[in-house]
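Note sheet for the following structure.
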2 protein chains.
Amino acid sequence: MADKSLVKIKKKYHHGDLREQLLEAVRELVEKHGPDSFSIAEACRLAGVSTAAPYKHFKDRDDILRCVALQAMGRLRDAMQAAADAYAAGDPRRIAALGQAYVDFACSESGVFRMMFSLTEAHQNDPDLTDAGEKAKCLVERLVAEHLGRDPDTPDVKLRAYALHCFVHGHSFLRIDAKTPDDMSAEAEAALLRLVGDAMLPQHQRSGYTA
Amino acid sequence: MADKSLVKIKKKYHHGDLREQLLEAVRELVEKHGPDSFSIAEACRLAGVSTAAPYKHFKDRDDILRCVALQAMGRLRDAMQAAADAYAAGDPRRIAALGQAYVDFACSESGVFRMMFSLTEAHQNDPDLTDAGEKAKCLVERLVAEHLGRDPDTPDVKLRAYALHCFVHGHSFLRIDAKTPDDMSAEAEAALLRLVGDAMLPQHQRSGYTA
DNA sequence: CTTGAAAGTTAGCGTTGCTTACATATGTTT
DNA sequence: AAACATATGTAAGCAACGCTAACTTTCAAG
């Protein structure tokens, strides 16, 4: 019997760590039941706490989702950074690894990934979220610029970085929606990333790497 | 005072056209309040009907969303077909127009577009929806094959068609999430589509067209 | 006409998000 | 140690929601 929940139910009157435990509970529920059909009440039951308790730590439902999304963006950015760090500057595999990290995150946390991009208008203008998004964009632009051997502020570099983002973003969504052709294999996916990388980053082809 | 609702409230006991009017009401509400925060009850109020009435026409909430999504996919496909038909076979602008139609649909109906791709697992395996998706995919593959002067069943053609789909899909999502760089202008968007088209469809560059 | 199906209604159940009022634990001050 | 302020929990309750059951109205076929 696999109970993989990381949420500990409380023992004492004061939970001690309810805020984090609630976020974790919501994360698990979003992952299990999808972003729409989760309820605060269910998360409370998971944490063994009354349904009014969350409102000592969060403003409302949207605030909880905002925090979960914020944590997720942090994890995504860390994963991308780690993937990029695995290769030296100038190595063309660096960009592919970055994209692969993005896709892998979407697949392994499809619920929260979908949630991150289905937030209400109230969330759209949230400074924390837009900030995290901006940082991720800069990361990609820096790597693309480095890869092309150009300045990150060039319009063309920004456009190419954005195009790559569009691609991995779209592919991520199509994958978790199971709309990718005949359940694409890992090899086919790697080939796809390579094809797009080669097509969008001309420098790629002239380098000495072949992997 | 602009009341753009197309929903007519009922006059007689028997509405006469409740099913379609409900779908229209839901479409408007999804567009106005987002895919998550709409309620059947509100749609009923719009149509001037009791909250129990919808269940004579639909199984449940998910069934309603399924039908709205199905109609939307029809509209999307029509728009893509029309865009493609605007140019002769072999004209490179054809593919760009196809992509532009996809993006335009996403922008003009961002609510339902988002909804189409945030359906529950129950929807994922719905034959009608997967069927509509399959048809759209074939349309793209046919045009890409035609454009490359190759057979639509080539793995490479399918891969390139899928890559293009990923790109426009991702761009659409990023646009309606207002995550596109500095509110990209129409010209910049056209340049983007051209860049990606040129990069992904080598034949493009060798053709005589310059637009 | 009668009658039966189709398509509405009202009433109500259980769940949800959230608020208010109250209870309990913790830490600081005196 | 006593007392208070603060943080954090509970209990009870409201309005809205999705959905069902049972009843009523309309319409069309026989």
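For the structure tokens, the naming scheme is as follows: chains receive sequential letters (A, B, ...) according to their order of presentation, residues are indexed from 1 within each chain, and ligands are indexed from 1 in presentation order.
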
Superimpose chain A on chain B so that the squared distances between all in-order C-alpha pairs are minimised, and send the result as a CSV table (one decimal) with C-alpha atoms, in the first residue's frame.
```
chain,number,residue,atom,x,y,z
A,1,MET,CA,-24.6,50.1,-22.8
A,2,ALA,CA,-23.2,47.2,-24.6
A,3,ASP,CA,-25.1,44.0,-23.8
A,4,LYS,CA,-23.5,41.6,-26.3
A,5,SER,CA,-25.1,38.5,-25.0
A,6,LEU,CA,-26.6,36.3,-27.6
A,7,VAL,CA,-28.7,34.5,-25.1
A,8,LYS,CA,-32.4,35.0,-25.3
A,9,ILE,CA,-34.4,34.5,-22.1
A,10,LYS,CA,-37.4,32.3,-22.5
A,11,LYS,CA,-40.9,33.5,-22.9
A,12,LYS,CA,-43.0,30.4,-22.9
A,13,TYR,CA,-42.9,27.5,-20.5
A,14,HIS,CA,-41.0,25.5,-23.1
A,15,HIS,CA,-37.9,27.4,-24.1
A,16,GLY,CA,-37.7,25.8,-27.5
A,17,ASP,CA,-34.0,26.1,-27.9
A,18,LEU,CA,-32.6,25.8,-24.4
A,19,ARG,CA,-29.8,23.4,-25.3
A,20,GLU,CA,-28.1,25.8,-27.7
A,21,GLN,CA,-28.8,28.8,-25.6
A,22,LEU,CA,-27.2,27.2,-22.6
A,23,LEU,CA,-24.1,26.4,-24.6
A,24,GLU,CA,-24.0,30.0,-25.8
A,25,ALA,CA,-24.5,31.2,-22.3
A,26,VAL,CA,-21.7,29.0,-21.0
A,27,ARG,CA,-19.4,30.1,-23.8
A,28,GLU,CA,-20.0,33.8,-22.9
A,29,LEU,CA,-19.4,33.1,-19.2
A,30,VAL,CA,-16.3,31.1,-19.8
A,31,GLU,CA,-15.1,34.0,-21.9
A,32,LYS,CA,-15.9,36.6,-19.3
A,33,HIS,CA,-15.0,34.9,-16.1
A,34,GLY,CA,-12.5,32.3,-17.2
A,35,PRO,CA,-12.9,28.5,-17.5
A,36,ASP,CA,-12.8,27.7,-13.8
A,37,SER,CA,-15.1,30.3,-12.3
A,38,PHE,CA,-18.2,29.8,-14.2
A,39,SER,CA,-21.3,28.1,-12.9
A,40,ILE,CA,-24.2,26.3,-14.4
A,41,ALA,CA,-26.4,28.3,-12.1
A,42,GLU,CA,-25.2,31.6,-13.6
A,43,ALA,CA,-25.8,30.3,-17.1
A,44,CYS,CA,-29.3,29.3,-16.1
A,45,ARG,CA,-29.9,32.8,-14.8
A,46,LEU,CA,-28.7,34.2,-18.1
A,47,ALA,CA,-31.2,32.0,-20.0
A,48,GLY,CA,-33.9,32.7,-17.5
A,49,VAL,CA,-34.5,29.1,-16.5
A,50,SER,CA,-34.3,27.1,-13.3
A,51,THR,CA,-31.1,25.5,-12.3
A,52,ALA,CA,-32.4,22.0,-12.9
A,53,ALA,CA,-33.3,22.6,-16.5
A,54,PRO,CA,-29.9,21.9,-18.0
A,55,TYR,CA,-30.0,18.3,-16.8
A,56,LYS,CA,-32.7,17.5,-19.3
A,57,HIS,CA,-30.2,18.3,-22.0
A,58,PHE,CA,-26.8,17.4,-20.5
A,59,LYS,CA,-25.6,14.7,-18.2
A,60,ASP,CA,-23.6,16.9,-15.9
A,61,ARG,CA,-21.3,19.9,-15.8
A,62,ASP,CA,-18.5,18.1,-17.6
A,63,ASP,CA,-20.9,17.1,-20.4
A,64,ILE,CA,-21.7,20.8,-20.9
A,65,LEU,CA,-18.0,21.7,-21.0
A,66,ARG,CA,-17.4,18.9,-23.4
A,67,CYS,CA,-20.0,20.2,-25.8
A,68,VAL,CA,-18.8,23.7,-25.6
A,69,ALA,CA,-15.2,22.5,-26.3
A,70,LEU,CA,-16.5,20.4,-29.2
A,71,GLN,CA,-18.2,23.4,-30.8
A,72,ALA,CA,-15.0,25.5,-30.3
A,73,MET,CA,-12.9,22.9,-31.9
A,74,GLY,CA,-15.2,23.1,-34.9
A,75,ARG,CA,-14.8,26.8,-35.1
A,76,LEU,CA,-11.0,26.5,-34.8
A,77,ARG,CA,-10.8,24.0,-37.5
A,78,ASP,CA,-13.1,26.1,-39.8
A,79,ALA,CA,-10.9,29.1,-39.2
A,80,MET,CA,-7.7,27.1,-40.0
A,81,GLN,CA,-9.3,25.7,-43.1
A,82,ALA,CA,-10.5,29.1,-44.3
A,83,ALA,CA,-7.0,30.6,-43.7
A,84,ALA,CA,-5.4,27.8,-45.7
A,85,ASP,CA,-7.9,28.1,-48.5
A,86,ALA,CA,-7.1,31.8,-48.8
A,87,TYR,CA,-3.8,30.8,-50.5
A,88,ALA,CA,-3.1,28.5,-53.4
A,89,ALA,CA,-1.4,25.1,-52.8
A,90,GLY,CA,2.4,25.6,-52.6
A,91,ASP,CA,2.1,29.2,-51.5
A,92,PRO,CA,4.4,29.5,-48.5
A,93,ARG,CA,2.1,32.1,-46.9
A,94,ARG,CA,-0.4,29.2,-46.5
A,95,ILE,CA,1.4,27.7,-43.6
A,96,ALA,CA,1.9,31.0,-41.9
A,97,ALA,CA,-1.8,31.8,-42.4
A,98,LEU,CA,-2.6,28.5,-40.8
A,99,GLY,CA,-0.5,29.3,-37.7
A,100,GLN,CA,-1.9,32.8,-37.6
A,101,ALA,CA,-5.4,31.5,-37.6
A,102,TYR,CA,-4.6,29.3,-34.6
A,103,VAL,CA,-3.1,32.2,-32.7
A,104,ASP,CA,-6.0,34.5,-33.6
A,105,PHE,CA,-8.5,32.0,-32.4
A,106,ALA,CA,-6.7,31.6,-29.1
A,107,CYS,CA,-6.7,35.4,-28.6
A,108,SER,CA,-10.2,36.0,-29.7
A,109,GLU,CA,-11.6,33.2,-27.6
A,110,SER,CA,-9.0,32.9,-24.9
A,111,GLY,CA,-11.4,31.5,-22.4
A,112,VAL,CA,-12.7,28.6,-24.4
A,113,PHE,CA,-9.3,28.0,-25.9
A,114,ARG,CA,-7.8,27.6,-22.4
A,115,MET,CA,-10.8,25.4,-21.5
A,116,MET,CA,-10.2,23.1,-24.5
A,117,PHE,CA,-6.9,22.2,-23.0
A,118,SER,CA,-7.7,22.1,-19.4
A,119,LEU,CA,-10.2,19.3,-19.5
A,120,THR,CA,-10.4,16.5,-16.9
A,121,GLU,CA,-9.1,13.1,-17.5
A,122,ALA,CA,-12.7,12.0,-18.3
A,123,HIS,CA,-12.5,14.2,-21.4
A,124,GLN,CA,-9.0,13.1,-22.5
A,125,ASN,CA,-10.4,9.8,-23.8
A,126,ASP,CA,-13.6,11.2,-25.3
A,127,PRO,CA,-13.9,9.9,-28.8
A,128,ASP,CA,-15.5,13.1,-30.2
A,129,LEU,CA,-12.8,15.3,-28.9
A,130,THR,CA,-9.9,13.2,-29.8
A,131,ASP,CA,-11.4,12.8,-33.2
A,132,ALA,CA,-11.7,16.5,-33.7
A,133,GLY,CA,-8.1,16.9,-32.6
A,134,GLU,CA,-7.0,14.2,-35.0
A,135,LYS,CA,-8.6,15.9,-37.9
A,136,ALA,CA,-6.9,19.2,-37.1
A,137,LYS,CA,-3.6,17.4,-36.9
A,138,CYS,CA,-4.1,15.7,-40.3
A,139,LEU,CA,-4.9,19.1,-41.8
A,140,VAL,CA,-1.6,20.5,-40.6
A,141,GLU,CA,0.3,17.5,-41.7
A,142,ARG,CA,-1.2,17.6,-45.2
A,143,LEU,CA,-0.3,21.2,-45.6
A,144,VAL,CA,3.2,20.7,-44.4
A,145,ALA,CA,3.7,17.7,-46.7
A,146,GLU,CA,2.3,19.6,-49.6
A,147,HIS,CA,4.6,22.5,-48.8
A,148,LEU,CA,7.6,20.3,-48.6
A,149,GLY,CA,6.5,18.4,-51.7
A,150,ARG,CA,6.7,15.2,-49.8
A,151,ASP,CA,4.4,12.4,-48.6
A,152,PRO,CA,2.3,13.2,-45.5
A,153,ASP,CA,3.2,9.9,-43.9
A,154,THR,CA,6.9,10.5,-43.8
A,155,PRO,CA,8.2,10.6,-40.2
A,156,ASP,CA,10.1,13.7,-40.9
A,157,VAL,CA,7.1,15.5,-42.2
A,158,LYS,CA,5.1,14.4,-39.2
A,159,LEU,CA,7.8,15.6,-36.9
A,160,ARG,CA,8.0,19.0,-38.6
A,161,ALA,CA,4.3,19.4,-38.5
A,162,TYR,CA,4.3,18.5,-34.8
A,163,ALA,CA,7.1,21.0,-34.1
A,164,LEU,CA,5.1,23.8,-35.8
A,165,HIS,CA,2.0,22.8,-33.8
A,166,CYS,CA,4.1,23.0,-30.6
A,167,PHE,CA,5.3,26.4,-31.5
A,168,VAL,CA,1.9,28.0,-32.3
A,169,HIS,CA,0.3,26.3,-29.4
A,170,GLY,CA,3.0,27.6,-27.0
A,171,HIS,CA,2.9,31.0,-28.5
A,172,SER,CA,-0.9,31.1,-28.2
A,173,PHE,CA,-0.8,30.2,-24.5
A,174,LEU,CA,2.0,32.7,-23.8
A,175,ARG,CA,0.0,35.4,-25.5
A,176,ILE,CA,-3.2,34.9,-23.7
A,177,ASP,CA,-1.2,34.7,-20.5
A,178,ALA,CA,0.3,38.0,-21.4
A,179,LYS,CA,3.7,36.4,-21.1
A,180,THR,CA,4.9,37.5,-24.5
A,181,PRO,CA,7.7,40.1,-24.5
A,182,ASP,CA,6.5,43.7,-24.2
A,183,ASP,CA,3.1,43.1,-25.7
A,184,MET,CA,4.4,42.0,-29.0
A,185,SER,CA,3.1,43.9,-32.0
A,186,ALA,CA,1.3,42.4,-34.9
A,187,GLU,CA,4.4,43.0,-37.1
A,188,ALA,CA,6.7,41.3,-34.6
A,189,GLU,CA,4.3,38.4,-34.4
A,190,ALA,CA,4.3,38.1,-38.2
A,191,ALA,CA,8.1,38.2,-38.1
A,192,LEU,CA,8.1,35.5,-35.5
A,193,LEU,CA,5.9,33.3,-37.6
A,194,ARG,CA,8.0,33.9,-40.6
A,195,LEU,CA,11.2,33.1,-38.7
A,196,VAL,CA,9.9,29.9,-37.4
A,197,GLY,CA,8.3,28.9,-40.7
A,198,ASP,CA,11.6,29.5,-42.5
A,199,ALA,CA,13.6,27.6,-39.9
A,200,MET,CA,11.3,24.6,-39.8
A,201,LEU,CA,10.4,24.3,-43.5
A,202,PRO,CA,13.6,24.5,-45.6
A,203,GLN,CA,11.6,24.5,-48.8
A,204,HIS,CA,10.2,27.8,-47.8
A,205,GLN,CA,13.4,29.7,-48.5
A,206,ARG,CA,13.9,28.3,-52.0
A,207,SER,CA,10.5,29.3,-53.2
A,208,GLY,CA,9.9,32.3,-55.3
A,209,TYR,CA,7.6,34.0,-52.9
A,210,THR,CA,8.9,36.9,-50.7
A,211,ALA,CA,5.9,37.9,-48.7
```

Using only C-alpha atoms (C1' of nucleotides), what table do you get, as a Markdown table, when you list each residue of chain D with an atom no more than 10 Å from chain A, its nearest pair of atoms, and their distance in Å rounded to one decimal, rows by chain then rising number?
```
| residue | atom | partner | partner_atom | distance |
| --- | --- | --- | --- | --- |
| D:DA7 | C1' | A:Lys56 | CA | 9.0 |
| D:DT8 | C1' | A:His14 | CA | 6.3 |
| D:DG9 | C1' | A:His14 | CA | 6.2 |
| D:DT10 | C1' | A:Ser50 | CA | 6.9 |
| D:DA11 | C1' | A:Ser50 | CA | 9.2 |
```

DSSP-assigned helix (DSSP H, G or I) members of stretch 37-76 of chain A, reported as a JSON list (two decimals) with C-alpha atoms, in the first residue's frame:
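Below you can see selection37.json, which holds the result:
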```
[["chain", "number", "residue", "atom", "x", "y", "z"],
["A", 40, "ILE", "CA", -9.38, 23.43, 0.55],
["A", 41, "ALA", "CA", -11.62, 21.26, 2.66],
["A", 42, "GLU", "CA", -9.97, 18.14, 1.32],
["A", 43, "ALA", "CA", -6.53, 19.55, 2.02],
["A", 44, "CYS", "CA", -7.66, 20.29, 5.56],
["A", 45, "ARG", "CA", -8.81, 16.72, 5.98],
["A", 46, "LEU", "CA", -5.41, 15.57, 4.74],
["A", 47, "ALA", "CA", -3.65, 17.72, 7.31],
["A", 53, "ALA", "CA", -7.57, 26.84, 9.87],
["A", 54, "PRO", "CA", -6.08, 27.77, 6.47],
["A", 55, "TYR", "CA", -7.46, 31.28, 6.75],
["A", 56, "LYS", "CA", -5.00, 32.00, 9.55],
["A", 61, "ARG", "CA", -8.22, 30.04, -2.08],
["A", 62, "ASP", "CA", -6.49, 32.10, -4.75],
["A", 63, "ASP", "CA", -3.78, 33.04, -2.28],
["A", 64, "ILE", "CA", -3.07, 29.36, -1.62],
["A", 65, "LEU", "CA", -2.88, 28.60, -5.31],
["A", 66, "ARG", "CA", -0.62, 31.58, -5.78],
["A", 67, "CYS", "CA", 1.80, 30.26, -3.18],
["A", 68, "VAL", "CA", 1.76, 26.75, -4.61],
["A", 69, "ALA", "CA", 2.44, 28.17, -8.06],
["A", 70, "LEU", "CA", 5.24, 30.31, -6.69],
["A", 71, "GLN", "CA", 6.95, 27.33, -5.09],
["A", 72, "ALA", "CA", 6.53, 25.38, -8.33],
["A", 73, "MET", "CA", 8.12, 28.15, -10.36],
["A", 74, "GLY", "CA", 11.06, 27.99, -8.01],
["A", 75, "ARG", "CA", 11.42, 24.27, -8.56],
["A", 76, "LEU", "CA", 11.15, 24.72, -12.32]]
```

**Message:** What's around C:DG27 at 12 Å? Count only C-alpha atoms (C1' of nucleotides), leave out sequence neighbours fewer than 3 positions away in its own chain, and write the answer as a ChimeraX atom specification.
**Reply:** /D:4-7

**Request:** Using only C-alpha atoms (C1' of nucleotides), find the residues of chain C whose closest atom to chain A is at most 12 Å away, then write them as an MDAnalysis selection string.
**Result:** chainID C and resid 15:20 23:26
